[in-house]
file query.csv (CSV, C-alpha atoms and all ligand atoms)
chain,number,residue,atom,x,y,z
A,1,MET,CA,-45.6,-65.3,-82.2
A,2,ILE,CA,-46.6,-68.8,-81.9
A,3,GLU,CA,-49.6,-69.2,-79.5
A,4,ALA,CA,-49.1,-71.6,-76.6
A,5,ILE,CA,-50.9,-74.8,-77.0
A,6,SER,CA,-53.2,-75.7,-74.2
A,7,PHE,CA,-54.2,-79.2,-75.2
A,8,SER,CA,-52.5,-81.9,-77.3
A,9,VAL,CA,-54.5,-84.9,-78.4
A,10,VAL,CA,-52.4,-87.9,-79.5
A,11,VAL,CA,-54.0,-90.4,-81.8
A,12,PRO,CA,-52.2,-93.5,-82.9
A,13,VAL,CA,-53.4,-94.8,-86.3
A,14,PHE,CA,-52.7,-98.0,-88.1
A,15,ASN,CA,-54.8,-98.7,-91.2
A,16,GLU,CA,-57.8,-96.7,-90.0
A,17,GLU,CA,-59.0,-95.3,-93.3
A,18,LYS,CA,-62.6,-96.2,-92.5
A,19,VAL,CA,-62.8,-94.4,-89.1
A,20,LEU,CA,-60.4,-91.5,-89.6
A,21,PRO,CA,-62.9,-88.9,-91.1
A,22,GLU,CA,-65.4,-89.6,-88.4
A,23,SER,CA,-62.9,-89.5,-85.6
A,24,TYR,CA,-61.5,-86.3,-86.9
A,25,ARG,CA,-65.0,-84.8,-87.0
A,26,ARG,CA,-65.9,-85.8,-83.5
A,27,LEU,CA,-62.6,-84.9,-82.0
A,28,THR,CA,-62.6,-81.5,-83.7
A,29,ALA,CA,-66.1,-80.8,-82.5
A,30,VAL,CA,-65.1,-81.5,-78.9
A,31,MET,CA,-61.8,-79.6,-79.1
A,32,GLU,CA,-63.4,-76.5,-80.8
A,33,GLY,CA,-66.0,-76.5,-78.0
A,34,LEU,CA,-63.3,-75.9,-75.5
A,35,GLY,CA,-62.3,-72.6,-77.0
A,36,GLU,CA,-58.6,-72.9,-76.3
A,37,PRO,CA,-55.6,-73.5,-78.6
A,38,TYR,CA,-55.2,-77.2,-79.3
A,39,GLU,CA,-53.4,-79.6,-81.6
A,40,ILE,CA,-54.3,-83.1,-82.7
A,41,ILE,CA,-51.3,-85.2,-83.4
A,42,PHE,CA,-51.9,-88.3,-85.6
A,43,VAL,CA,-49.2,-90.8,-85.4
A,44,ASN,CA,-49.3,-92.9,-88.6
A,45,ASP,CA,-47.9,-96.3,-87.4
A,46,GLY,CA,-46.9,-97.6,-90.9
A,47,SER,CA,-50.4,-97.9,-92.4
A,48,SER,CA,-50.6,-99.6,-95.7
A,49,ASP,CA,-54.1,-98.3,-96.7
A,50,ARG,CA,-55.3,-94.8,-97.5
A,51,THR,CA,-54.7,-93.5,-93.9
A,52,MET,CA,-51.8,-91.3,-94.8
A,53,SER,CA,-53.4,-89.6,-97.7
A,54,ILE,CA,-56.5,-88.8,-95.6
A,55,LEU,CA,-54.2,-87.4,-93.0
A,56,ASP,CA,-52.4,-85.3,-95.6
A,57,GLU,CA,-55.7,-83.9,-96.7
A,58,LEU,CA,-56.7,-83.0,-93.2
A,59,CYS,CA,-53.4,-81.3,-92.7
A,60,GLU,CA,-54.0,-79.1,-95.8
A,61,ARG,CA,-57.2,-77.7,-94.5
A,62,ASP,CA,-56.8,-77.7,-90.7
A,63,ARG,CA,-53.8,-76.1,-89.0
A,64,HIS,CA,-54.6,-77.9,-85.8
A,65,ILE,CA,-53.6,-81.2,-87.3
A,66,ARG,CA,-50.1,-82.5,-87.1
A,67,ILE,CA,-48.7,-85.7,-88.5
A,68,ILE,CA,-45.9,-88.0,-87.4
A,69,ASP,CA,-45.4,-90.5,-90.1
A,70,PHE,CA,-43.4,-93.6,-89.0
A,71,ALA,CA,-41.1,-95.4,-91.3
A,72,LYS,CA,-42.9,-98.7,-90.6
A,73,ASN,CA,-45.2,-100.2,-88.0
A,74,PHE,CA,-43.6,-99.8,-84.6
A,75,GLY,CA,-46.6,-100.7,-82.6
A,76,HIS,CA,-49.3,-98.9,-80.6
A,77,GLN,CA,-47.4,-98.2,-77.5
A,78,THR,CA,-44.5,-96.7,-79.4
A,79,ALA,CA,-46.8,-94.6,-81.5
A,80,ILE,CA,-48.3,-93.1,-78.3
A,81,THR,CA,-44.7,-92.5,-77.0
A,82,ALA,CA,-43.8,-90.5,-80.2
A,83,GLY,CA,-47.0,-88.5,-79.9
A,84,MET,CA,-46.1,-87.5,-76.4
A,85,ASP,CA,-42.5,-86.7,-77.4
A,86,TYR,CA,-43.8,-84.2,-79.9
A,87,ALA,CA,-46.8,-82.8,-78.0
A,88,ASP,CA,-46.6,-79.2,-76.8
A,89,GLY,CA,-49.8,-78.9,-74.8
A,90,LYS,CA,-50.1,-78.1,-71.1
A,91,ALA,CA,-52.2,-81.3,-71.0
A,92,VAL,CA,-51.9,-84.3,-73.3
A,93,VAL,CA,-54.8,-86.6,-74.1
A,94,VAL,CA,-54.2,-90.0,-75.6
A,95,ILE,CA,-57.1,-91.6,-77.5
A,96,ASP,CA,-57.7,-94.5,-79.9
A,97,ALA,CA,-58.7,-93.6,-83.4
A,98,ASP,CA,-61.5,-96.1,-83.6
A,99,LEU,CA,-63.9,-94.1,-81.4
A,100,GLN,CA,-64.1,-96.9,-78.8
A,101,ASP,CA,-62.9,-94.1,-76.4
A,102,PRO,CA,-65.5,-91.3,-76.7
A,103,PRO,CA,-63.9,-87.9,-77.4
A,104,GLU,CA,-66.9,-86.4,-75.6
A,105,LEU,CA,-65.3,-87.5,-72.3
A,106,ILE,CA,-62.3,-85.2,-72.8
A,107,PRO,CA,-64.0,-82.0,-71.3
A,108,GLN,CA,-64.7,-84.0,-68.2
A,109,MET,CA,-61.1,-85.1,-68.0
A,110,ILE,CA,-60.0,-81.5,-68.5
A,111,GLN,CA,-62.3,-80.6,-65.6
A,112,CYS,CA,-60.6,-83.1,-63.3
A,113,TRP,CA,-57.2,-81.8,-64.5
A,114,ARG,CA,-58.2,-78.2,-63.6
A,115,GLU,CA,-59.2,-79.4,-60.2
A,116,GLY,CA,-55.5,-80.4,-59.7
A,117,TYR,CA,-55.2,-84.0,-60.9
A,118,ASP,CA,-52.1,-84.8,-63.0
A,119,VAL,CA,-53.4,-88.0,-64.6
A,120,VAL,CA,-57.0,-88.6,-65.5
A,121,TYR,CA,-57.6,-92.1,-66.9
A,122,GLY,CA,-60.7,-93.4,-68.6
A,123,LYS,CA,-62.1,-96.4,-66.8
A,124,ARG,CA,-64.1,-98.9,-68.9
A,125,LYS,CA,-67.4,-99.8,-67.3
A,126,GLU,CA,-68.7,-101.9,-70.1
A,127,ARG,CA,-67.1,-103.2,-73.3
A,128,LYS,CA,-69.6,-103.3,-76.2
A,129,GLY,CA,-69.3,-105.2,-79.4
A,130,GLU,CA,-66.1,-107.1,-78.4
A,131,THR,CA,-65.8,-110.8,-78.6
A,132,PHE,CA,-66.2,-113.0,-75.6
A,133,PHE,CA,-62.6,-114.0,-75.9
A,134,LYS,CA,-61.4,-110.4,-75.9
A,135,LYS,CA,-63.5,-109.5,-72.9
A,136,MET,CA,-62.4,-112.5,-70.9
A,137,SER,CA,-58.7,-112.2,-71.8
A,138,ALA,CA,-58.7,-108.5,-71.0
A,139,ALA,CA,-60.4,-109.1,-67.6
A,140,LEU,CA,-58.0,-111.9,-66.8
A,141,PHE,CA,-55.0,-109.9,-67.9
A,142,TYR,CA,-55.8,-106.8,-65.8
A,143,ARG,CA,-56.4,-108.9,-62.7
A,144,LEU,CA,-53.3,-111.0,-63.3
A,145,MET,CA,-51.2,-107.8,-63.7
A,146,ARG,CA,-52.6,-106.6,-60.4
A,147,LYS,CA,-51.5,-109.8,-58.6
A,148,MET,CA,-48.1,-109.9,-60.2
A,149,THR,CA,-46.8,-106.4,-59.9
A,150,GLU,CA,-46.0,-104.2,-57.0
A,151,VAL,CA,-47.2,-101.1,-59.0
A,152,ASP,CA,-50.8,-100.2,-58.4
A,153,ILE,CA,-52.1,-100.2,-61.9
A,154,PRO,CA,-55.9,-99.6,-62.1
A,155,VAL,CA,-57.9,-102.4,-63.6
A,156,ASP,CA,-59.9,-102.0,-66.8
A,157,THR,CA,-58.2,-98.8,-68.0
A,158,GLY,CA,-56.6,-98.5,-71.4
A,159,ASP,CA,-54.4,-95.8,-72.7
A,160,PHE,CA,-57.3,-93.3,-73.0
A,161,ARG,CA,-56.2,-90.7,-70.5
A,162,LEU,CA,-55.2,-87.1,-69.9
A,163,ILE,CA,-51.8,-86.4,-68.5
A,164,ASP,CA,-50.3,-83.1,-67.3
A,165,ARG,CA,-47.2,-81.6,-68.9
A,166,ARG,CA,-45.1,-82.6,-65.9
A,167,VAL,CA,-46.1,-86.3,-66.3
A,168,CYS,CA,-45.4,-86.1,-70.0
A,169,ASP,CA,-41.9,-84.7,-69.3
A,170,ALA,CA,-41.3,-87.4,-66.7
A,171,LEU,CA,-42.4,-90.0,-69.2
A,172,LYS,CA,-40.0,-88.7,-71.8
A,173,SER,CA,-37.1,-89.3,-69.4
A,174,ILE,CA,-38.0,-93.0,-69.3
A,175,LYS,CA,-36.2,-94.7,-72.2
A,176,GLU,CA,-37.2,-98.3,-71.8
A,177,ARG,CA,-38.2,-100.1,-75.0
A,178,ASN,CA,-40.8,-102.8,-74.5
A,179,ARG,CA,-43.0,-100.4,-72.8
A,180,TYR,CA,-46.3,-100.7,-71.1
A,181,ILE,CA,-47.3,-97.1,-70.9
A,182,ARG,CA,-50.2,-97.3,-68.4
A,183,GLY,CA,-47.9,-99.2,-66.1
A,184,ILE,CA,-45.2,-96.6,-66.3
A,185,ILE,CA,-47.7,-93.8,-65.7
A,186,SER,CA,-48.9,-95.5,-62.6
A,187,TRP,CA,-45.4,-96.1,-61.5
A,188,LEU,CA,-44.6,-92.4,-61.8
A,189,GLY,CA,-47.2,-91.6,-59.2
A,190,PHE,CA,-48.6,-88.0,-59.2
A,191,ARG,CA,-52.2,-87.3,-58.4
A,192,GLN,CA,-54.4,-89.8,-60.4
A,193,ILE,CA,-58.1,-90.2,-60.8
A,194,GLY,CA,-60.4,-92.2,-63.1
A,195,VAL,CA,-63.5,-91.2,-64.9
A,196,GLU,CA,-65.9,-94.0,-66.0
A,197,PHE,CA,-67.2,-94.6,-69.5
A,198,ASP,CA,-68.9,-97.3,-71.6
A,199,ARG,CA,-66.5,-98.6,-74.2
A,200,GLU,CA,-68.4,-98.4,-77.5
A,201,GLU,CA,-68.1,-100.7,-80.4
A,202,ARG,CA,-65.3,-100.0,-82.9
A,203,PHE,CA,-66.8,-97.4,-85.4
A,204,ALA,CA,-65.6,-99.4,-88.4
A,205,GLY,CA,-62.8,-101.7,-89.5
A,206,GLU,CA,-61.3,-104.6,-87.5
A,207,THR,CA,-59.2,-104.6,-84.4
A,208,LYS,CA,-55.5,-103.9,-85.0
A,209,TYR,CA,-54.6,-106.1,-82.1
A,210,PRO,CA,-54.5,-109.7,-83.2
A,211,LEU,CA,-53.7,-112.4,-80.7
A,212,LYS,CA,-50.0,-112.2,-81.5
A,213,LYS,CA,-49.8,-108.5,-80.7
A,214,MET,CA,-51.9,-109.0,-77.6
A,215,LEU,CA,-49.5,-111.7,-76.3
A,216,LYS,CA,-46.5,-109.5,-76.9
A,217,PHE,CA,-48.3,-106.7,-75.1
A,218,ALA,CA,-49.1,-108.9,-72.1
A,219,PHE,CA,-45.5,-110.2,-72.0
A,220,ASP,CA,-44.1,-106.7,-72.1
A,221,ALA,CA,-46.5,-105.6,-69.4
A,222,ILE,CA,-45.6,-108.4,-67.1
A,223,THR,CA,-41.9,-108.6,-67.7
A,224,SER,CA,-41.4,-104.8,-67.3
A,225,PHE,CA,-43.1,-104.7,-63.9
A,226,SER,CA,-42.7,-108.0,-62.3
A,227,PHE,CA,-40.0,-110.6,-61.5
A,228,LYS,CA,-42.7,-113.0,-60.3
A,229,PRO,CA,-42.4,-115.3,-63.3
A,230,LEU,CA,-38.7,-115.7,-62.6
A,231,LYS,CA,-39.5,-116.4,-58.9
A,232,LEU,CA,-42.0,-118.9,-60.0
A,233,SER,CA,-39.2,-120.9,-61.6
A,234,SER,CA,-37.2,-121.0,-58.4
A,235,TYR,CA,-40.3,-122.0,-56.3
A,236,LEU,CA,-41.3,-124.7,-58.8
A,237,GLY,CA,-37.7,-126.0,-59.0
A,238,LEU,CA,-37.6,-126.2,-55.3
A,239,THR,CA,-40.9,-128.0,-54.9
A,240,LEU,CA,-40.1,-130.4,-57.7
A,241,SER,CA,-36.6,-131.2,-56.2
A,242,PHE,CA,-38.3,-131.9,-52.9
A,243,CYS,CA,-40.8,-134.3,-54.5
A,244,SER,CA,-38.1,-136.1,-56.5
A,245,LEU,CA,-36.1,-136.5,-53.3
A,246,ILE,CA,-39.0,-138.3,-51.7
A,247,TYR,CA,-39.4,-140.4,-54.8
A,248,LEU,CA,-35.7,-141.2,-54.7
A,249,LEU,CA,-36.0,-142.5,-51.2
A,250,PHE,CA,-38.9,-144.6,-52.3
A,251,VAL,CA,-36.9,-146.1,-55.2
A,252,ILE,CA,-34.0,-147.0,-52.9
A,253,TRP,CA,-36.4,-148.6,-50.5
A,254,GLN,CA,-38.0,-150.6,-53.3
A,255,LYS,CA,-34.6,-151.7,-54.5
A,256,LEU,CA,-33.4,-152.8,-51.1
A,257,PHE,CA,-36.5,-154.3,-49.7
A,258,THR,CA,-38.8,-155.5,-52.5
A,259,GLY,CA,-36.4,-156.4,-55.3
A,260,ASN,CA,-39.2,-155.4,-57.6
A,261,THR,CA,-37.5,-152.7,-59.7
A,262,VAL,CA,-37.8,-153.4,-63.4
A,263,ALA,CA,-41.5,-152.5,-63.8
A,264,GLY,CA,-41.8,-148.7,-63.8
A,265,TRP,CA,-41.2,-147.7,-67.4
A,266,ALA,CA,-44.5,-145.8,-67.4
A,267,SER,CA,-43.7,-143.8,-64.3
A,268,SER,CA,-40.2,-142.9,-65.4
A,269,MET,CA,-41.6,-141.8,-68.8
A,270,VAL,CA,-44.2,-139.6,-67.1
A,271,ILE,CA,-41.7,-138.1,-64.8
A,272,SER,CA,-39.1,-137.4,-67.5
A,273,LEU,CA,-41.7,-135.8,-69.8
A,274,PHE,CA,-43.1,-133.7,-67.1
A,275,PHE,CA,-39.8,-132.5,-65.9
A,276,ASN,CA,-38.6,-131.7,-69.4
A,277,GLY,CA,-41.7,-129.7,-70.0
A,278,VAL,CA,-41.2,-127.7,-66.9
A,279,VAL,CA,-37.6,-127.1,-67.5
A,280,LEU,CA,-38.3,-125.9,-71.1
A,281,MET,CA,-41.0,-123.6,-69.9
A,282,MET,CA,-38.7,-122.1,-67.2
A,283,LEU,CA,-36.0,-121.6,-69.8
A,284,GLY,CA,-38.5,-119.9,-72.0
A,285,ILE,CA,-39.5,-117.5,-69.2
A,286,ALA,CA,-35.8,-116.7,-68.5
A,287,GLY,CA,-35.4,-116.2,-72.3
A,288,GLU,CA,-38.2,-113.7,-72.4
A,289,TYR,CA,-36.3,-111.6,-69.9
A,290,ILE,CA,-32.9,-112.0,-71.5
A,291,GLY,CA,-34.4,-111.1,-74.9
A,292,ARG,CA,-35.7,-107.9,-73.5
A,293,ILE,CA,-32.4,-107.1,-71.8
A,294,TYR,CA,-30.7,-107.6,-75.1
A,295,ASP,CA,-33.2,-105.3,-76.8
A,296,GLU,CA,-32.4,-102.6,-74.2
A,297,THR,CA,-28.7,-102.9,-74.6
A,298,LYS,CA,-28.7,-102.4,-78.3
A,299,GLY,CA,-29.8,-98.8,-77.7
A,300,ARG,CA,-31.6,-98.4,-81.0
A,301,PRO,CA,-34.0,-95.5,-81.3
A,302,LEU,CA,-37.6,-96.4,-80.2
A,303,TYR,CA,-39.0,-95.4,-83.5
A,304,VAL,CA,-37.9,-93.9,-86.8
A,305,VAL,CA,-39.9,-91.1,-88.4
A,306,ARG,CA,-40.2,-90.7,-92.1
A,307,ARG,CA,-41.5,-87.2,-91.9
A,308,VAL,CA,-43.6,-84.8,-89.8
A,309,ARG,CA,-46.1,-82.2,-90.9
A,310,ASN,CA,-47.5,-79.0,-89.5
A,311,PHE,CA,-45.4,-78.8,-86.3
A,312,ALA,CA,-44.5,-75.2,-85.4
A,313,VAL,CA,-40.9,-75.9,-84.8
A,314,GLU,CA,-38.9,-78.4,-86.9
A,315,LYS,CA,-38.3,-81.3,-84.7
A,316,ASP,CA,-35.7,-84.0,-84.7
A,317,CYS,CA,-36.9,-86.7,-87.0
A,318,ARG,CA,-34.8,-89.6,-85.8
A,319,GLY,CA,-37.0,-90.7,-82.9
A,320,ARG,CA,-35.2,-91.3,-79.7
B,1,LIG,N1,-52.7,-99.1,-83.4
B,1,LIG,C1,-51.4,-98.7,-83.8
B,1,LIG,N2,-50.4,-99.6,-84.1
B,1,LIG,C2,-50.7,-101.0,-84.0
B,1,LIG,C3,-51.9,-101.4,-83.6
B,1,LIG,C4,-52.9,-100.5,-83.3
B,1,LIG,O1,-51.2,-97.5,-83.9
B,1,LIG,O2,-49.7,-101.7,-84.4
B,1,LIG,C5,-53.7,-98.1,-83.1
B,1,LIG,C6,-55.1,-98.3,-83.8
B,1,LIG,O3,-55.1,-97.7,-85.0
B,1,LIG,C7,-56.0,-97.7,-82.8
B,1,LIG,C8,-55.4,-98.0,-81.4
B,1,LIG,O4,-54.0,-98.3,-81.7
B,1,LIG,O5,-56.1,-96.3,-82.9
B,1,LIG,C9,-56.0,-99.2,-80.7
B,1,LIG,O6,-56.1,-100.4,-81.6
B,1,LIG,P1,-57.4,-101.3,-81.7
B,1,LIG,O7,-58.6,-100.4,-81.6
B,1,LIG,O8,-57.2,-102.1,-83.0
B,1,LIG,O9,-57.2,-102.2,-80.4
B,1,LIG,P2,-58.4,-102.8,-79.6
B,1,LIG,O10,-59.3,-101.6,-79.2
B,1,LIG,O11,-59.1,-103.8,-80.4
B,1,LIG,O12,-57.7,-103.4,-78.4
B,2,MG,MG,-60.2,-100.4,-80.5
call {"tool": "encode", "arguments": {"input": "query.csv", "output": "structure tokens"}}
result
Amino acid sequence: MIEAISFSVVVPVFNEEKVLPESYRRLTAVMEGLGEPYEIIFVNDGSSDRTMSILDELCERDRHIRIIDFAKNFGHQTAITAGMDYADGKAVVVIDADLQDPPELIPQMIQCWREGYDVVYGKRKERKGETFFKKMSAALFYRLMRKMTEVDIPVDTGDFRLIDRRVCDALKSIKERNRYIRGIISWLGFRQIGVEFDREERFAGETKYPLKKMLKFAFDAITSFSFKPLKLSSYLGLTLSFCSLIYLLFVIWQKLFTGNTVAGWASSMVISLFFNGVVLMMLGIAGEYIGRIYDETKGRPLYVVRRVRNFAVEKDCRGR
């Protein structure tokens, strides 16, 4: 008989050869300490370094380790999604591989879960060893998200969290593609609570979130929970039309009463450049939404799995 798994830990990994042995060691120490059946699911998000062979080795000697090997890099949020799809535990913990989220916080999260909370998220008190730019952009992003969306998404929380089986199942029923998982979890409701921790420095290696990925992440987050950017275009359009109406009246007045109408090249240039800029920006915003609608309609699977290892039951390998 297969024993029922109490806890699943989902770890997305992308080129983490330098940190993997250490995160395995610390995670295992914590999970063993709990004295209940557990599994650690590593989702290899198309790594090009030695990550996969390290995972294979771990798999050989530890039956708690499971691997989902993606066919290519599908991104952090998708890797987490896959991990949750495959997780069997009564509670599922999502944690970064780089030890910026301390595994030692997991028992405390489990304690809150036992008290009846369905979602226990880690709340970052301090971010150590991160660049000024990263800290500032993160702080700005979380506050902007709060202003722009109707969903109450807690500020300064990452994906480091524990979710109950019911939340995990509810999450699986949500098929949207450009996903912002913490937003979706907040949107789901349930009983949620935060536990605070200091975010440590990355154990080794560099961030796998370059500016480009960060921007995509921010756009996904905002567009999937807010129509405010679209509303912004209408408001701005309206305000600008009103201003131009006033200017039009001024021009007519000038023509009729002063006869002084040729001079004005500079002002017309400024106005035309400004308006063109605004129009292009608004088109861009609309385009971001349309692009995402297009993405959803194609109905491709979220991710494609090359192979899985150590799962008790053979699972469907095609993603969703
Ligand atoms: N990650 C991933 N796919 C990606 C980028 C990142 O699976 O395309 C993983 C990465 O291995 C790490 C976690 O997501 O476990 C968070 O990434 P990182 O620590 O680089 O982000 P940061 O903490 O700098 O925001
Ligand atoms: Mg990190």
call {"tool": "residues_near_ligand", "arguments": {"input": "query.csv", "ligand": "ligand LIG 1 (chain B)", "cutoff": "9 Å", "atoms": "all atoms listed in the file", "output": "PDB file with C-alpha atoms, in the coordinates of the input"}}
result
ATOM      1  CA  VAL A  11     -54.000 -90.400 -81.800  1.00  0.00           C
ATOM      2  CA  PRO A  12     -52.200 -93.500 -82.900  1.00  0.00           C
ATOM      3  CA  VAL A  13     -53.400 -94.800 -86.300  1.00  0.00           C
ATOM      4  CA  PHE A  14     -52.700 -98.000 -88.100  1.00  0.00           C
ATOM      5  CA  ASN A  15     -54.800 -98.700 -91.200  1.00  0.00           C
ATOM      6  CA  GLU A  16     -57.800 -96.700 -90.000  1.00  0.00           C
ATOM      7  CA  VAL A  43     -49.200 -90.800 -85.400  1.00  0.00           C
ATOM      8  CA  ASN A  44     -49.300 -92.900 -88.600  1.00  0.00           C
ATOM      9  CA  ASP A  45     -47.900 -96.300 -87.400  1.00  0.00           C
ATOM     10  CA  GLY A  46     -46.900 -97.600 -90.900  1.00  0.00           C
ATOM     11  CA  SER A  47     -50.400 -97.900 -92.400  1.00  0.00           C
ATOM     12  CA  ASN A  73     -45.200-100.200 -88.000  1.00  0.00           C
ATOM     13  CA  PHE A  74     -43.600 -99.800 -84.600  1.00  0.00           C
ATOM     14  CA  GLY A  75     -46.600-100.700 -82.600  1.00  0.00           C
ATOM     15  CA  HIS A  76     -49.300 -98.900 -80.600  1.00  0.00           C
ATOM     16  CA  GLN A  77     -47.400 -98.200 -77.500  1.00  0.00           C
ATOM     17  CA  THR A  78     -44.500 -96.700 -79.400  1.00  0.00           C
ATOM     18  CA  ALA A  79     -46.800 -94.600 -81.500  1.00  0.00           C
ATOM     19  CA  ILE A  80     -48.300 -93.100 -78.300  1.00  0.00           C
ATOM     20  CA  ILE A  95     -57.100 -91.600 -77.500  1.00  0.00           C
ATOM     21  CA  ASP A  96     -57.700 -94.500 -79.900  1.00  0.00           C
ATOM     22  CA  ALA A  97     -58.700 -93.600 -83.400  1.00  0.00           C
ATOM     23  CA  ASP A  98     -61.500 -96.100 -83.600  1.00  0.00           C
ATOM     24  CA  LEU A  99     -63.900 -94.100 -81.400  1.00  0.00           C
ATOM     25  CA  GLN A 100     -64.100 -96.900 -78.800  1.00  0.00           C
ATOM     26  CA  ASP A 101     -62.900 -94.100 -76.400  1.00  0.00           C
ATOM     27  CA  GLU A 130     -66.100-107.100 -78.400  1.00  0.00           C
ATOM     28  CA  LYS A 134     -61.400-110.400 -75.900  1.00  0.00           C
ATOM     29  CA  GLY A 158     -56.600 -98.500 -71.400  1.00  0.00           C
ATOM     30  CA  ASP A 159     -54.400 -95.800 -72.700  1.00  0.00           C
ATOM     31  CA  GLU A 201     -68.100-100.700 -80.400  1.00  0.00           C
ATOM     32  CA  ARG A 202     -65.300-100.000 -82.900  1.00  0.00           C
ATOM     33  CA  GLY A 205     -62.800-101.700 -89.500  1.00  0.00           C
ATOM     34  CA  GLU A 206     -61.300-104.600 -87.500  1.00  0.00           C
ATOM     35  CA  THR A 207     -59.200-104.600 -84.400  1.00  0.00           C
ATOM     36  CA  LYS A 208     -55.500-103.900 -85.000  1.00  0.00           C
ATOM     37  CA  TYR A 209     -54.600-106.100 -82.100  1.00  0.00           C
ATOM     38  CA  PRO A 210     -54.500-109.700 -83.200  1.00  0.00           C
ATOM     39  CA  LYS A 213     -49.800-108.500 -80.700  1.00  0.00           C
ATOM     40  CA  MET A 214     -51.900-109.000 -77.600  1.00  0.00           C
TER      41      MET A 214
END
call {"tool": "residues_around", "arguments": {"input": "query.csv", "residues": "Val278 in chain A", "least_positions_apart": "3", "cutoff": "9 Å", "atoms": "only C-alpha atoms", "output": "PDB file with C-alpha atoms, in the coordinates of the input"}}
result
ATOM      1  CA  SER A 233     -39.200-120.900 -61.600  1.00  0.00           C
ATOM      2  CA  LEU A 236     -41.300-124.700 -58.800  1.00  0.00           C
ATOM      3  CA  GLY A 237     -37.700-126.000 -59.000  1.00  0.00           C
ATOM      4  CA  LEU A 273     -41.700-135.800 -69.800  1.00  0.00           C
ATOM      5  CA  PHE A 274     -43.100-133.700 -67.100  1.00  0.00           C
ATOM      6  CA  PHE A 275     -39.800-132.500 -65.900  1.00  0.00           C
ATOM      7  CA  MET A 281     -41.000-123.600 -69.900  1.00  0.00           C
ATOM      8  CA  MET A 282     -38.700-122.100 -67.200  1.00  0.00           C
ATOM      9  CA  LEU A 283     -36.000-121.600 -69.800  1.00  0.00           C
TER      10      LEU A 283
END
call {"tool": "residues_near_point", "arguments": {"input": "query.csv", "point": "(-44.5, -86.1, -85.0)", "cutoff": "6 Å", "atoms": "only C-alpha atoms", "output": "list in words"}}
result
Ile67, Ile68, Tyr86 and Val308 of chain A
call {"tool": "residues_around", "arguments": {"input": "query.csv", "residues": "range 28-33 of chain A", "least_positions_apart": "5", "cutoff": "9 Å", "atoms": "only C-alpha atoms", "output": "PyMOL selection string"}}
result
chain A and resi 7+23+38-40+103-107
call {"tool": "atom_distance", "arguments": {"input": "query.csv", "atom1": "CA of Ser6 in chain A", "atom2": "CA of Lys90 in chain A"}}
result
5.0 Å
call {"tool": "closest_residue", "arguments": {"input": "query.csv", "among": "A:Leu20, A:Arg161, A:Ser48, A:Thr223", "to": "Gly287 in chain A", "atoms": "only C-alpha atoms"}}
result
A:Thr223
call {"tool": "closest_residue", "arguments": {"input": "query.csv", "among": "A:Val9, A:Lys128, A:Val279, A:Val270", "to": "ligand MG 2 (chain B)", "atoms": "only C-alpha atoms and all ligand atoms"}}
result
A:Lys128
call {"tool": "closest_residue", "arguments": {"input": "query.csv", "among": "A:Leu211, A:Met84, A:Ala221, A:Ile193", "to": "Val151 in chain A", "atoms": "all atoms listed in the file"}}
result
A:Ala221
call {"tool": "closest_residue", "arguments": {"input": "query.csv", "among": "A:Arg191, A:Arg143, A:Arg177, A:Arg165", "to": "Asp118 in chain A", "atoms": "all atoms listed in the file"}}
result
A:Arg191
call {"tool": "closest_residue", "arguments": {"input": "query.csv", "among": "A:Glu196, A:Arg182, A:Glu60, A:Phe70", "to": "Glu126 in chain A", "atoms": "all atoms listed in the file"}}
result
A:Glu196
call {"tool": "atom_distance", "arguments": {"input": "query.csv", "atom1": "CA of Ile252 in chain A", "atom2": "CA of Gly264 in chain A"}}
result
13.5 Å
call {"tool": "atom_distance", "arguments": {"input": "query.csv", "atom1": "CA of Ser234 in chain A", "atom2": "CA of Ile285 in chain A"}}
result
11.6 Å
call {"tool": "closest_residue", "arguments": {"input": "query.csv", "among": "A:Trp253, A:Gly291, A:Gly194, A:Gly129", "to": "ligand MG 2 (chain B)", "atoms": "all atoms listed in the file"}}
result
A:Gly129
